[in-house]
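Trainee: Questions regarding the structure given below will be posed in turn.
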Amino acid sequence: MTMNAKRRRAHAKLAALPGVRALRRPVSPGGSDEFDLYYVRTGPKTAYPLVVIPGGPGAASIALYRGARKRAAAAGLDVIMVEHRGIGMSRHDDAGADLPPEALTIDQVVDDMAAVLDDANVEKAIPYGTSYGAYLAAGLGVRHPRRVQAMILDSPVLSADDITEVRNAIRTVLWDGTDSETAELAPKVRRLVDQGVLTPAAGQLAGAVYGFGGPALLNRQLDLLLRGRRGLWTVLDGLARILIARKAPYRNEPDLVGRIGFRELNYGDVPDGKPLDPAVAYREFSSDTVEFESEPYDLVAEMPKFSWPTVVVSGGRDLTTPPAIADKIAALVPQSTLVRLPTAGHSVLDAREPAARQIAKAVCDGETDALSGRADALDALPASPPIRLMTAAIGAAASVESVVPRVVPRLVQRVAPTS
């Protein structure tokens with residue numbers, strides 16, 4: 001999307017926010033063309049600011065995380081967030097056109113972060129990356145190790161081979177039900193897959209409901225589906241597709257950068273032909289699927305060289321970047337502290353913001369070693385407000401749908417949002 005009048009007005013409002021700055025960056029390596037890369041810094045300035053890196057690729061920083069930054073500042077945290085090239089305020093070249101595909105690589109994004117630290121006169125920082133953002137944080141450690149004071153890797157990505165662990169996790173939990181928590185769910189999931197109701201994309205939605213709402217909430221949804229009550233599920237599926245694939249200007253813009261995940265991190269691996277394959281779901285969700293070429297870093301080889309304290313945060317119910325990946329990373333990094341939140345799902349930064357904020361505060365205060373002993377207390381903190389509201393709304397809607405006449409869910413299916 002080229003810069004139009006409506007977008008220009010939104011851009012100007014965000015650029016006027018306190019702490020927002022732009023610096024000139026090359027559009028592509030070795031080229032003479034430049035563009036404005038934006039970042040924001042909030043909170044009391046310290047020697048080692050927290051560089052918060054969202055997931056995606058597609059999540060914006062400046063608009064989407066305004067509330068989170070305000071709460072972090074109130075907790076005394078010095079936060080820098082960089083608007084990822086190809087997204088939001090950093091989407092366009094000087095002519096107002098979208099950045100070209102060659103401008104959008106992980107190496108260039110990582111170098112942008114180092115350039116922001118230069119512009120902010122920061123010698124060292126504490127990158128906090130979640131999901132895809134954790135890979136970028138680790139990339140900063142690979143390409144610019146002297147800029148890292150400590151590191152937080154939340155729901156981390158390790159390599160292009162992660163898809164194997166993701167498949168194992170979602171099938172172990174939802175298909176096999178080997179855990180006592182999901183033993184009741186698995187037979188229902190298998191029946192719904194056999195009926196063609198739980199497609200791979202629907203399996204991703206089931207995994208998300210399990211992650212943020214727990215097995216009881218998912219169990220209620222599965223019971224409704226088995227009874228042919230699909231109204232609420234249809235609404236949830238439509239909303240999920242909007243959140244994942246549809247562009248929301250200055251908040252979620254995967255249309256240009258989504259290809260990074262496929263080209264460099266193998267998001268759309270070759271389907272293995274088995275049930276609930278996340279690779280099939282990712283290909284279905286994406287509007288611009290490209291084939292995998294190569295990943296930029298060998299983190300398995302590089303992480304043992306990390307010489308700073310690293311906190312690895314993992315949700316026990318995360319089926320997007322499951323705990324097995326976090327365990328591998330904790331074993332690779334010499335000064336690692338693993339913090340497992342048993343009832344959390346994917347991205348503690350987004351789903352359990354109070355816990356993420358306390359973890360960040362501890363790392364900034366040099367209290368990393370104590371965090372592993374605080375895992376249960378951190379897990380007991382409330383979910384982020386949007387997650388609490390969504391969970392309550394889904395539970396209430398499920399209760400209503402279970403008793404209303406069947407004609408109502410059918411009407412809901414006709415008007416549900418679609419991608």
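Residues in the structure tokens are named by chain (A, B, ... in the order shown) and by number from 1 within that chain; ligands are numbered from 1 in the order shown.
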Find the residues around Asp223 in chain A up to 10 Å (only C-alpha atoms counted), leave out those fewer than 3 positions away in its own chain, and share them as number ranges by chain.
Mentor: A: 185, 188-189, 218-220, 226-229, 398, 402
Trainee: Set out as a tab-separated table a contact list for range 202-271 of chain A and range 292-298 of chain A with a cut-off of 6 Å, giving each residue of range 202-271 of chain A that qualifies its closest atom pair and distance in Å to one decimal, counting only C-alpha atoms, ordered by chain and rising residue number.
Mentor:
```
residue	atom	partner	partner_atom	distance
A:Phe262	CA	A:Phe292	CA	5.5
A:Arg263	CA	A:Phe292	CA	4.2
A:Glu264	CA	A:Glu295	CA	4.4
A:Leu265	CA	A:Glu295	CA	5.6
A:Asn266	CA	A:Phe292	CA	5.1
```
Trainee: Given only C-alpha atoms as the basis, pick out the residue of A:Leu232, A:Val40, A:Ala375, A:Ile387 nearest to Glu83 in chain A.
Mentor: A:Val40
Trainee: Name the residues of range 52-129 of chain A that come out as strand (DSSP E) in a backbone DSSP run; write them as a list in words.
Mentor: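 Reading the DSSP output for range 52-129 of chain A, strand (DSSP E) covers Val52, Ile53, Val79, Ile80, Met81, Val82, Ile126, Pro127, Tyr128 and Gly129 of chain A.
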Trainee: With C-alpha atoms retained, could you export that selection as a short mmCIF file (atom, residue, chain, number, x, y, z; two decimals), in the first residue's frame?
Mentor:
```cif
data_model
loop_
_atom_site.label_atom_id
_atom_site.label_comp_id
_atom_site.auth_asym_id
_atom_site.auth_seq_id
_atom_site.Cartn_x
_atom_site.Cartn_y
_atom_site.Cartn_z
CA VAL A 52 11.27 -5.05 23.05
CA ILE A 53 10.86 -6.98 19.79
CA VAL A 79 12.00 0.72 26.72
CA ILE A 80 13.04 1.03 23.09
CA MET A 81 10.87 -0.42 20.32
CA VAL A 82 11.89 -0.39 16.67
CA ILE A 126 18.80 -5.89 26.87
CA PRO A 127 16.81 -7.28 23.93
CA TYR A 128 13.48 -8.88 24.88
CA GLY A 129 12.18 -10.77 21.86
#
```
Trainee: Taking only C-alpha atoms into account, name the residue in A:Ala206, A:Leu381, A:Leu192, A:Ile325 that is nearest to Val166 in chain A.
Mentor: A:Ile325
Trainee: Just the number, please: distance in Å from CA of Leu341 in chain A to CA of Ala186 in chain A, one decimal.
Mentor: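 Separation between CA of Leu341 in chain A and CA of Ala186 in chain A: 22.8 Å.
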Trainee: May I ask which of the residues A:Thr199, A:Thr391, A:Ser32, A:Thr42 is the closest one to Asp237 in chain A, counting only C-alpha atoms?
Mentor: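 Closest residue, counting only C-alpha atoms: A:Thr199.
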Trainee: Could you write out, as a count of residues only, all the residues of range 92-261 of chain A that DSSP marks as alpha helix (DSSP H)?
Mentor: 95
